[in-house]
$ cat input-v3.cif   # mmCIF, C-alpha atoms
data_run
loop_
_atom_site.label_atom_id
_atom_site.label_comp_id
_atom_site.auth_asym_id
_atom_site.auth_seq_id
_atom_site.Cartn_x
_atom_site.Cartn_y
_atom_site.Cartn_z
CA MET L 1 0.00 0.00 0.00
CA LYS L 2 1.32 3.40 -1.00
CA HIS L 3 1.32 6.37 1.35
CA ILE L 4 0.47 9.77 -0.10
CA VAL L 5 2.71 12.79 0.42
CA PHE L 6 2.40 16.43 -0.65
CA VAL L 7 5.29 18.89 -1.01
CA SER L 8 4.67 22.61 -0.65
CA GLY L 9 5.93 25.95 0.68
CA VAL L 10 5.69 28.89 -1.69
CA ALA L 11 7.03 29.56 -5.18
CA ARG L 12 10.82 30.05 -5.42
CA SER L 13 11.38 28.29 -2.10
CA GLY L 14 13.15 25.17 -3.38
CA THR L 15 10.26 22.77 -3.90
CA THR L 16 11.63 21.52 -7.24
CA ALA L 17 15.07 20.80 -5.78
CA LEU L 18 13.42 19.13 -2.79
CA VAL L 19 11.46 16.79 -5.04
CA ARG L 20 14.69 15.82 -6.78
CA VAL L 21 16.16 14.91 -3.39
CA LEU L 22 13.06 12.88 -2.54
CA ASN L 23 13.10 11.04 -5.87
CA LYS L 24 16.76 10.20 -5.39
CA HIS L 25 15.53 7.72 -2.80
CA PRO L 26 13.73 4.58 -4.05
CA GLY L 27 11.18 5.06 -1.29
CA PHE L 28 9.70 8.14 -2.97
CA VAL L 29 8.07 8.87 -6.29
CA VAL L 30 6.84 12.46 -6.27
CA GLY L 31 5.53 14.43 -9.23
CA MET L 32 6.62 17.89 -10.31
CA GLU L 33 3.19 19.52 -10.22
CA ARG L 34 1.94 16.25 -11.71
CA TYR L 35 -1.65 17.23 -10.84
CA PHE L 36 -1.36 21.00 -11.09
CA TYR L 37 -4.86 21.55 -12.45
CA PRO L 38 -6.79 19.04 -10.29
CA ILE L 39 -5.15 20.49 -7.18
CA ARG L 40 -5.76 24.07 -8.24
CA ARG L 41 -9.42 23.24 -8.90
CA SER L 42 -9.73 21.28 -5.62
CA GLN L 43 -10.71 18.17 -7.57
CA ILE L 44 -7.89 15.75 -6.77
CA THR L 45 -8.83 12.49 -5.01
CA HIS L 46 -7.08 9.35 -3.82
CA ALA L 47 -7.75 7.66 -7.16
CA TYR L 48 -5.26 9.99 -8.84
CA PHE L 49 -2.44 8.26 -6.95
CA ASP L 50 -3.37 4.74 -8.04
CA ARG L 51 -0.69 3.18 -10.24
CA GLU L 52 -2.52 3.26 -13.56
CA ARG L 53 -3.74 6.81 -13.13
CA PHE L 54 -0.48 8.22 -11.78
CA LEU L 55 1.47 6.86 -14.74
CA ASP L 56 -1.09 8.08 -17.27
CA VAL L 57 -0.33 11.77 -17.80
CA GLN L 58 -3.37 13.43 -19.34
CA PRO L 59 -3.62 16.91 -20.91
CA GLU L 60 -5.96 18.15 -18.21
CA ASP L 61 -3.54 17.10 -15.45
CA THR L 62 -0.66 19.53 -15.83
CA TYR L 63 1.29 21.94 -17.99
CA ASN L 64 4.45 20.07 -16.94
CA THR L 65 4.13 16.81 -18.91
CA SER L 66 7.84 16.54 -19.71
CA LEU L 67 8.73 16.19 -16.02
CA SER L 68 5.70 14.16 -15.07
CA THR L 69 6.41 11.45 -17.64
CA ALA L 70 9.77 10.81 -15.96
CA HIS L 71 7.96 8.64 -13.43
CA LYS L 72 7.93 5.12 -14.80
CA GLY L 73 6.26 2.03 -13.46
CA GLU L 74 9.40 0.62 -11.86
CA ALA L 75 9.84 3.70 -9.69
CA TYR L 76 6.20 3.62 -8.66
CA ASP L 77 6.30 -0.08 -7.81
CA ARG L 78 9.28 0.17 -5.47
CA ALA L 79 8.21 3.38 -3.73
CA THR L 80 6.63 3.55 -0.30
CA PHE L 81 5.47 7.15 -0.75
CA VAL L 82 3.78 8.55 -3.84
CA GLY L 83 2.77 12.16 -4.17
CA ASP L 84 3.01 15.51 -5.82
CA LYS L 85 4.48 18.94 -5.21
CA TYR L 86 2.38 22.06 -5.51
CA PRO L 87 4.25 25.09 -4.13
CA MET L 88 1.14 27.13 -3.36
CA LEU L 89 -0.71 24.30 -1.64
CA PHE L 90 -1.48 26.59 1.30
CA GLU L 91 -4.20 28.11 -0.89
CA ARG L 92 -5.87 24.67 -0.96
CA PHE L 93 -5.12 23.47 2.57
CA ASP L 94 -8.79 23.25 3.56
CA TYR L 95 -9.57 20.88 0.70
CA ILE L 96 -6.34 18.85 0.78
CA LEU L 97 -6.29 18.31 4.53
CA GLU L 98 -9.94 17.26 4.57
CA THR L 99 -9.71 15.01 1.49
CA PHE L 100 -6.38 13.41 2.49
CA PRO L 101 -6.47 13.30 6.29
CA GLU L 102 -3.87 10.52 6.37
CA ALA L 103 -1.40 12.10 3.92
CA ARG L 104 2.02 13.32 5.01
CA GLN L 105 2.97 16.90 4.24
CA ILE L 106 6.48 18.20 3.56
CA TYR L 107 6.73 21.97 3.84
CA ILE L 108 9.87 23.91 2.92
CA ALA L 109 10.59 27.46 4.06
CA ARG L 110 13.22 29.74 2.53
CA ASN L 111 14.19 33.12 3.96
CA PRO L 112 11.89 35.88 2.65
CA LEU L 113 14.58 38.07 1.10
CA SER L 114 15.83 35.24 -1.12
CA VAL L 115 12.27 34.43 -2.16
CA ALA L 116 11.52 38.06 -3.03
CA GLU L 117 14.78 38.44 -4.94
CA SER L 118 14.13 35.22 -6.84
CA TYR L 119 10.68 36.43 -7.87
CA GLU L 120 12.23 39.65 -9.16
CA ALA L 121 15.08 37.88 -10.96
CA ARG L 122 12.59 35.80 -12.90
CA ARG L 123 10.32 38.75 -13.63
CA THR L 124 13.16 40.77 -15.14
CA ASP L 125 14.46 37.86 -17.23
CA THR L 126 13.37 38.68 -20.79
CA GLU L 127 13.40 34.98 -21.73
CA ASP L 128 11.10 34.01 -18.86
CA GLY L 129 7.35 34.45 -18.89
CA TRP L 130 7.21 34.99 -15.13
CA LYS L 131 4.94 37.93 -14.28
CA ARG L 132 5.02 38.16 -10.48
CA SER L 133 7.10 40.86 -8.79
CA TRP L 134 9.10 40.81 -5.59
CA GLU L 135 6.13 42.46 -3.86
CA ASP L 136 4.01 39.48 -4.94
CA GLY L 137 6.70 37.16 -3.66
CA LEU L 138 6.72 38.63 -0.17
CA ALA L 139 2.91 38.75 -0.01
CA GLU L 140 2.67 35.07 -1.01
CA TRP L 141 5.47 34.11 1.39
CA ASN L 142 3.62 35.87 4.23
CA ALA L 143 0.32 34.20 3.29
CA SER L 144 1.91 30.76 3.16
CA LEU L 145 3.69 31.09 6.52
CA LYS L 146 0.54 32.43 8.17
CA ALA L 147 -1.58 29.64 6.71
CA VAL L 148 0.65 26.82 7.88
CA MET L 149 1.34 28.23 11.32
CA SER L 150 -2.38 28.80 11.87
CA LEU L 151 -3.13 25.09 11.55
CA SER L 152 -4.08 23.11 14.62
CA GLU L 153 -1.42 21.25 16.55
CA GLU L 154 -3.05 17.97 15.56
CA THR L 155 -2.79 18.89 11.88
CA LEU L 156 0.79 20.09 12.21
CA GLN L 157 1.77 16.62 13.41
CA ARG L 158 1.28 15.49 9.80
CA PHE L 159 3.90 17.97 8.55
CA TYR L 160 7.63 17.55 8.18
CA PHE L 161 9.22 21.00 8.03
CA ILE L 162 12.39 21.94 6.18
CA GLN L 163 14.52 25.06 6.29
CA TYR L 164 15.86 25.57 2.78
CA GLU L 165 19.28 26.87 3.75
CA GLU L 166 19.95 24.12 6.28
CA PHE L 167 18.52 21.26 4.23
CA PHE L 168 20.52 21.79 1.05
CA GLY L 169 23.71 22.50 2.94
CA SER L 170 24.19 19.00 4.30
CA PRO L 171 23.59 15.36 3.30
CA LEU L 172 22.89 14.80 6.99
CA ALA L 173 19.76 16.96 6.77
CA MET L 174 18.56 15.10 3.68
CA ASN L 175 19.08 11.74 5.33
CA ARG L 176 17.24 13.01 8.41
CA LEU L 177 14.18 13.49 6.21
CA TYR L 178 14.40 9.95 4.80
CA GLU L 179 14.76 8.53 8.29
CA ALA L 180 11.76 10.53 9.54
CA PHE L 181 9.72 8.71 6.91
CA GLY L 182 10.99 5.32 8.02
CA LEU L 183 13.41 4.92 5.12
CA HIS L 184 17.10 4.05 5.08
CA SER L 185 19.78 6.67 4.62
CA LEU L 186 21.67 7.20 1.38
CA ARG L 187 25.42 7.46 1.04
CA GLU L 188 26.68 11.02 1.41
CA GLN L 189 28.31 10.81 -2.02
CA ALA L 190 24.88 10.32 -3.60
CA LEU L 191 23.55 13.51 -2.00
CA GLN L 192 26.62 15.75 -2.23
CA PRO L 193 25.74 17.00 -5.75
CA PHE L 194 22.64 18.66 -4.31
CA CYS L 195 24.83 20.48 -1.79
CA ASP L 196 27.30 21.47 -4.51
CA LYS L 197 24.52 22.95 -6.63
CA PHE L 198 23.21 24.84 -3.62
CA GLU L 199 26.66 26.30 -3.02
CA THR L 200 26.89 27.39 -6.66
CA LEU L 201 23.49 29.06 -6.56
CA ASN L 202 24.23 30.62 -3.19
CA SER L 203 27.42 32.20 -4.48
CA SER L 204 25.86 33.64 -7.65
CA HIS L 205 25.67 37.42 -7.73
CA ILE L 206 22.28 39.09 -7.30
CA PRO L 207 22.16 42.88 -7.70
CA ARG L 208 21.55 44.48 -4.32
CA ARG L 209 18.21 46.23 -4.06
CA ASP L 210 17.97 48.25 -0.86
CA ASP L 211 14.27 48.93 -1.48
CA ILE L 212 13.57 45.19 -1.47
CA ARG L 213 15.71 44.60 1.61
CA GLN L 214 14.06 47.40 3.56
CA HIS L 215 10.56 46.30 2.61
CA VAL L 216 11.24 42.67 3.53
CA ALA L 217 12.83 43.66 6.82
CA ARG L 218 9.78 45.71 7.72
CA TYR L 219 6.89 43.68 6.36
CA ALA L 220 7.89 40.00 6.38
CA ASP L 221 5.91 37.91 8.87
CA TRP L 222 8.91 37.30 11.09
CA SER L 223 6.77 36.05 13.94
CA SER L 224 5.41 33.13 11.90
CA TYR L 225 8.83 32.47 10.40
CA HIS L 226 10.57 32.27 13.76
CA ALA L 227 7.78 30.06 15.11
CA LEU L 228 8.32 27.72 12.17
CA LEU L 229 12.09 27.69 12.70
CA ASP L 230 11.55 26.86 16.36
CA ARG L 231 9.33 24.02 15.28
CA ILE L 232 12.02 22.73 12.93
CA ASP L 233 14.57 22.82 15.75
CA ALA L 234 12.23 20.83 17.99
CA GLN L 235 11.42 18.39 15.18
CA ASN L 236 15.07 17.75 14.37
CA GLY L 237 16.04 17.53 17.99
CA ALA L 238 13.50 14.78 18.46
CA ALA L 239 14.42 12.96 15.25
#
$ encode --input "input-v3.cif" --output "structure tokens"
Amino acid sequence: MKHIVFVSGVARSGTTALVRVLNKHPGFVVGMERYFYPIRRSQITHAYFDRERFLDVQPEDTYNTSLSTAHKGEAYDRATFVGDKYPMLFERFDYILETFPEARQIYIARNPLSVAESYEARRTDTEDGWKRSWEDGLAEWNASLKAVMSLSEETLQRFYFIQYEEFFGSPLAMNRLYEAFGLHSLREQALQPFCDKFETLNSSHIPRRDDIRQHVARYADWSSYHALLDRIDAQNGAA
């Protein structure tokens, strides 16, 4: 029997990289917005994660068919957890948490300045169709943090929380996630490329925008963010 898992956070917070880490382990097979449209329309059900349906990518499922078709039957058969990532899942929490009360949730949080800057970098890229500004990024980051930290304690027990900067900086943190889901660890050499890519991205130059920095410093929901970080510390301390 497969267990269902959802991956979320907010856009530009590392959900794609996180799914790649999950799918590195044979215990996971997680889609890259495999069911983007059914989730957005609050129409997804358990049947979508059955083997035949999950492997059958249909036009009404997603805009991301090239990534979704990477999941073959062999990966599905060996996996313990099957699921999908939808960065803005907080907008559908009411439906998802009611429809999938047994599902595990993996939520990743990145610092708000990096999220805002990443929104703006994509918006100003002439080869990218991204439309949302850094102001949109901070507003969505705030909404996501508020939504998740407003959930009941009982509901939060179904969540595994990740801090972007800590998670991608160490194979130990990645293995801690696998172990929290009852899976064996992977060799550090298998996970080091994720850390190397993080280091490369982290060292890339982003033009300093004092207006963005000042706005984020003033208007980010630091209270929710620090509460989430405290929760991560407690979670990892108990792991």
$ atom_distance --input "input-v3.cif" --atom1 "atom CA of L:Tyr63" --atom2 "atom CA of L:Ala109"
24.6 Å
$ resolve_selection --input "input-v3.cif" --expression "the PyMOL selection byres ((chain L and resi 47) around 12)" --output "PyMOL selection string"
chain L and resi 2+4+35+38+43-46+48-55+83+99-100
$ write_last_selection --input "input-v3.cif" --atoms "C-alpha atoms" --output "JSON list (two decimals), keeping the file's coordinate frame"
[["chain", "number", "residue", "atom", "x", "y", "z"],
["L", 2, "LYS", "CA", 1.32, 3.40, -1.00],
["L", 4, "ILE", "CA", 0.47, 9.77, -0.10],
["L", 35, "TYR", "CA", -1.65, 17.23, -10.84],
["L", 38, "PRO", "CA", -6.79, 19.04, -10.29],
["L", 43, "GLN", "CA", -10.71, 18.17, -7.57],
["L", 44, "ILE", "CA", -7.89, 15.75, -6.77],
["L", 45, "THR", "CA", -8.83, 12.49, -5.01],
["L", 46, "HIS", "CA", -7.08, 9.35, -3.82],
["L", 48, "TYR", "CA", -5.26, 9.99, -8.84],
["L", 49, "PHE", "CA", -2.44, 8.26, -6.95],
["L", 50, "ASP", "CA", -3.37, 4.74, -8.04],
["L", 51, "ARG", "CA", -0.69, 3.18, -10.24],
["L", 52, "GLU", "CA", -2.52, 3.26, -13.56],
["L", 53, "ARG", "CA", -3.74, 6.81, -13.13],
["L", 54, "PHE", "CA", -0.48, 8.22, -11.78],
["L", 55, "LEU", "CA", 1.47, 6.86, -14.74],
["L", 83, "GLY", "CA", 2.77, 12.16, -4.17],
["L", 99, "THR", "CA", -9.71, 15.01, 1.49],
["L", 100, "PHE", "CA", -6.38, 13.41, 2.49]]
$ closest_residue --input "input-v3.cif" --among "L:Tyr119, L:Phe167, L:Tyr76, L:Tyr107" --to "L:Val21" --atoms "all atoms listed in the file"
L:Phe167
$ resolve_selection --input "input-v3.cif" --expression "the PyMOL selection byres ((chain L and resi 165) around 9)" --output "ChimeraX atom specification"
/L:109-111,162-164,166-169,198
$ residues_around --input "input-v3.cif" --residues "L:Glu188" --least-positions-apart "3" --cutoff "9 Å" --atoms "only C-alpha atoms" --output "ChimeraX atom specification"
/L:170-172,175,185,191-192
$ closest_residue --input "input-v3.cif" --among "L:Met88, L:Val5, L:Leu22, L:Met174" --to "L:Arg104" --atoms "only C-alpha atoms"
L:Val5
$ residues_around --input "input-v3.cif" --residues "L:Gly137" --least-positions-apart "6" --cutoff "8 Å" --atoms "only C-alpha atoms" --output "list of chain:residue names"
L:Ala11, L:Val115, L:Ala116, L:Tyr119
$ residues_around --input "input-v3.cif" --residues "L:Asp84" --least-positions-apart "6" --cutoff "9 Å" --atoms "all atoms listed in the file" --output "NGL selection string"
:L and (4-8 or 19 or 29-36)
$ closest_residue --input "input-v3.cif" --among "L:Glu199, L:Asp94, L:Glu135, L:Glu60" --to "L:Leu151" --atoms "all atoms listed in the file"
L:Asp94
$ closest_residue --input "input-v3.cif" --among "L:Ser42, L:Asn236, L:Ser224, L:Thr126" --to "L:Arg92" --atoms "only C-alpha atoms"
L:Ser42
$ atom_distance --input "input-v3.cif" --atom1 "atom CA of L:Phe194" --atom2 "atom CA of L:Glu117"
21.3 Å
$ atom_distance --input "input-v3.cif" --atom1 "atom CA of L:Trp134" --atom2 "atom CA of L:Asp210"
12.5 Å
$ axis_aligned_box --input "input-v3.cif" --around "stretch 155-167 of chain L" --padding-each-side "5 Å" --output "AutoDock Vina command-line options"
--center_x 8.6 --center_y 21.2 --center_z 8.1 --size_x 32.7 --size_y 21.4 --size_z 20.6
$ closest_residue --input "input-v3.cif" --among "L:His226, L:Tyr37, L:Ala173, L:Tyr95" --to "L:Cys195" --atoms "all atoms listed in the file"
L:Ala173
$ closest_residue --input "input-v3.cif" --among "L:Ala143, L:Leu183, L:Leu18, L:Val148" --to "L:Tyr219" --atoms "all atoms listed in the file"
L:Ala143
$ resolve_selection --input "input-v3.cif" --expression "the PyMOL selection byres ((chain L and resi 184) around 12)" --output "list in words"
His25, Pro26, Gly27, Phe28, Thr80, Met174, Asn175, Arg176, Leu177, Tyr178, Glu179, Ala180, Phe181, Gly182, Leu183, Ser185, Leu186 and Arg187 of chain L
$ residues_around --input "input-v3.cif" --residues "L:Arg213" --least-positions-apart "3" --cutoff "10 Å" --atoms "all atoms listed in the file" --output "list in words"
Pro112, Leu113, Ser114, Ala116, Glu117, Arg208, Arg209, Asp210, Val216, Ala217 and Arg218 of chain L
$ residues_around --input "input-v3.cif" --residues "L:Ala147" --least-positions-apart "3" --cutoff "9 Å" --atoms "all atoms listed in the file" --output "mmCIF file with C-alpha atoms, keeping the file's coordinate frame"
data_model
loop_
_atom_site.group_PDB
_atom_site.id
_atom_site.type_symbol
_atom_site.label_atom_id
_atom_site.label_comp_id
_atom_site.auth_asym_id
_atom_site.auth_seq_id
_atom_site.Cartn_x
_atom_site.Cartn_y
_atom_site.Cartn_z
ATOM 1 C CA PHE L 90 -1.480 26.590 1.300
ATOM 2 C CA GLU L 91 -4.200 28.110 -0.890
ATOM 3 C CA PHE L 93 -5.120 23.470 2.570
ATOM 4 C CA ASN L 142 3.620 35.870 4.230
ATOM 5 C CA ALA L 143 0.320 34.200 3.290
ATOM 6 C CA SER L 144 1.910 30.760 3.160
ATOM 7 C CA SER L 150 -2.380 28.800 11.870
ATOM 8 C CA LEU L 151 -3.130 25.090 11.550
#
$ build_atoms --input "input-v3.cif" --residues "stretch 176-197 of chain L" --atoms "N, CA, C and O atoms" --output "PDB file, in the frame of the given file"
ATOM      1  N   ARG L 176      18.149  12.882   7.275  1.00  0.00           N
ATOM      2  CA  ARG L 176      17.240  13.010   8.410  1.00  0.00           C
ATOM      3  C   ARG L 176      15.784  12.966   7.929  1.00  0.00           C
ATOM      4  O   ARG L 176      14.921  12.402   8.594  1.00  0.00           O
ATOM      5  N   LEU L 177      15.522  13.544   6.775  1.00  0.00           N
ATOM      6  CA  LEU L 177      14.180  13.490   6.210  1.00  0.00           C
ATOM      7  C   LEU L 177      13.801  12.036   5.865  1.00  0.00           C
ATOM      8  O   LEU L 177      12.720  11.571   6.226  1.00  0.00           O
ATOM      9  N   TYR L 178      14.694  11.347   5.141  1.00  0.00           N
ATOM     10  CA  TYR L 178      14.400   9.950   4.800  1.00  0.00           C
ATOM     11  C   TYR L 178      14.099   9.130   6.050  1.00  0.00           C
ATOM     12  O   TYR L 178      13.132   8.357   6.093  1.00  0.00           O
ATOM     13  N   GLU L 179      14.916   9.308   7.059  1.00  0.00           N
ATOM     14  CA  GLU L 179      14.760   8.530   8.290  1.00  0.00           C
ATOM     15  C   GLU L 179      13.447   8.865   8.987  1.00  0.00           C
ATOM     16  O   GLU L 179      12.811   7.986   9.591  1.00  0.00           O
ATOM     17  N   ALA L 180      13.026  10.133   8.918  1.00  0.00           N
ATOM     18  CA  ALA L 180      11.760  10.530   9.540  1.00  0.00           C
ATOM     19  C   ALA L 180      10.573   9.844   8.872  1.00  0.00           C
ATOM     20  O   ALA L 180       9.515   9.696   9.493  1.00  0.00           O
ATOM     21  N   PHE L 181      10.768   9.415   7.629  1.00  0.00           N
ATOM     22  CA  PHE L 181       9.720   8.710   6.910  1.00  0.00           C
ATOM     23  C   PHE L 181       9.922   7.191   6.947  1.00  0.00           C
ATOM     24  O   PHE L 181       9.303   6.451   6.189  1.00  0.00           O
ATOM     25  N   GLY L 182      10.781   6.748   7.828  1.00  0.00           N
ATOM     26  CA  GLY L 182      10.990   5.320   8.020  1.00  0.00           C
ATOM     27  C   GLY L 182      11.818   4.659   6.941  1.00  0.00           C
ATOM     28  O   GLY L 182      11.759   3.428   6.780  1.00  0.00           O
ATOM     29  N   LEU L 183      12.607   5.442   6.211  1.00  0.00           N
ATOM     30  CA  LEU L 183      13.410   4.920   5.120  1.00  0.00           C
ATOM     31  C   LEU L 183      14.890   4.917   5.493  1.00  0.00           C
ATOM     32  O   LEU L 183      15.310   5.633   6.395  1.00  0.00           O
ATOM     33  N   HIS L 184      15.666   4.121   4.796  1.00  0.00           N
ATOM     34  CA  HIS L 184      17.100   4.050   5.080  1.00  0.00           C
ATOM     35  C   HIS L 184      17.809   5.284   4.530  1.00  0.00           C
ATOM     36  O   HIS L 184      17.320   5.979   3.634  1.00  0.00           O
ATOM     37  N   SER L 185      18.965   5.559   5.084  1.00  0.00           N
ATOM     38  CA  SER L 185      19.780   6.670   4.620  1.00  0.00           C
ATOM     39  C   SER L 185      20.435   6.324   3.283  1.00  0.00           C
ATOM     40  O   SER L 185      20.562   5.150   2.914  1.00  0.00           O
ATOM     41  N   LEU L 186      20.870   7.373   2.582  1.00  0.00           N
ATOM     42  CA  LEU L 186      21.670   7.200   1.380  1.00  0.00           C
ATOM     43  C   LEU L 186      23.111   7.590   1.674  1.00  0.00           C
ATOM     44  O   LEU L 186      23.394   8.340   2.612  1.00  0.00           O
ATOM     45  N   ARG L 187      24.015   7.098   0.881  1.00  0.00           N
ATOM     46  CA  ARG L 187      25.420   7.460   1.040  1.00  0.00           C
ATOM     47  C   ARG L 187      25.592   8.953   0.784  1.00  0.00           C
ATOM     48  O   ARG L 187      24.951   9.531  -0.098  1.00  0.00           O
ATOM     49  N   GLU L 188      26.466   9.579   1.549  1.00  0.00           N
ATOM     50  CA  GLU L 188      26.680  11.020   1.410  1.00  0.00           C
ATOM     51  C   GLU L 188      27.101  11.389  -0.009  1.00  0.00           C
ATOM     52  O   GLU L 188      26.731  12.454  -0.524  1.00  0.00           O
ATOM     53  N   GLN L 189      27.851  10.513  -0.664  1.00  0.00           N
ATOM     54  CA  GLN L 189      28.310  10.810  -2.020  1.00  0.00           C
ATOM     55  C   GLN L 189      27.140  10.954  -2.983  1.00  0.00           C
ATOM     56  O   GLN L 189      27.219  11.703  -3.964  1.00  0.00           O
ATOM     57  N   ALA L 190      26.054  10.233  -2.720  1.00  0.00           N
ATOM     58  CA  ALA L 190      24.880  10.320  -3.600  1.00  0.00           C
ATOM     59  C   ALA L 190      24.152  11.638  -3.451  1.00  0.00           C
ATOM     60  O   ALA L 190      23.458  12.093  -4.367  1.00  0.00           O
ATOM     61  N   LEU L 191      24.278  12.277  -2.289  1.00  0.00           N
ATOM     62  CA  LEU L 191      23.550  13.510  -2.000  1.00  0.00           C
ATOM     63  C   LEU L 191      24.406  14.757  -2.137  1.00  0.00           C
ATOM     64  O   LEU L 191      23.875  15.863  -2.234  1.00  0.00           O
ATOM     65  N   GLN L 192      25.728  14.591  -2.170  1.00  0.00           N
ATOM     66  CA  GLN L 192      26.620  15.750  -2.230  1.00  0.00           C
ATOM     67  C   GLN L 192      26.371  16.641  -3.439  1.00  0.00           C
ATOM     68  O   GLN L 192      26.488  17.876  -3.325  1.00  0.00           O
ATOM     69  N   PRO L 193      26.007  16.103  -4.612  1.00  0.00           N
ATOM     70  CA  PRO L 193      25.740  17.000  -5.750  1.00  0.00           C
ATOM     71  C   PRO L 193      24.649  18.026  -5.485  1.00  0.00           C
ATOM     72  O   PRO L 193      24.707  19.135  -6.023  1.00  0.00           O
ATOM     73  N   PHE L 194      23.672  17.689  -4.662  1.00  0.00           N
ATOM     74  CA  PHE L 194      22.640  18.660  -4.310  1.00  0.00           C
ATOM     75  C   PHE L 194      23.243  19.804  -3.492  1.00  0.00           C
ATOM     76  O   PHE L 194      22.893  20.973  -3.683  1.00  0.00           O
ATOM     77  N   CYS L 195      24.157  19.455  -2.594  1.00  0.00           N
ATOM     78  CA  CYS L 195      24.830  20.480  -1.790  1.00  0.00           C
ATOM     79  C   CYS L 195      25.729  21.351  -2.668  1.00  0.00           C
ATOM     80  O   CYS L 195      25.782  22.573  -2.487  1.00  0.00           O
ATOM     81  N   ASP L 196      26.418  20.719  -3.618  1.00  0.00           N
ATOM     82  CA  ASP L 196      27.300  21.470  -4.510  1.00  0.00           C
ATOM     83  C   ASP L 196      26.506  22.467  -5.346  1.00  0.00           C
ATOM     84  O   ASP L 196      26.935  23.616  -5.539  1.00  0.00           O
ATOM     85  N   LYS L 197      25.353  22.043  -5.835  1.00  0.00           N
ATOM     86  CA  LYS L 197      24.520  22.950  -6.630  1.00  0.00           C
ATOM     87  C   LYS L 197      24.015  24.097  -5.769  1.00  0.00           C
ATOM     88  O   LYS L 197      23.968  25.252  -6.209  1.00  0.00           O
TER      89      LYS L 197
END
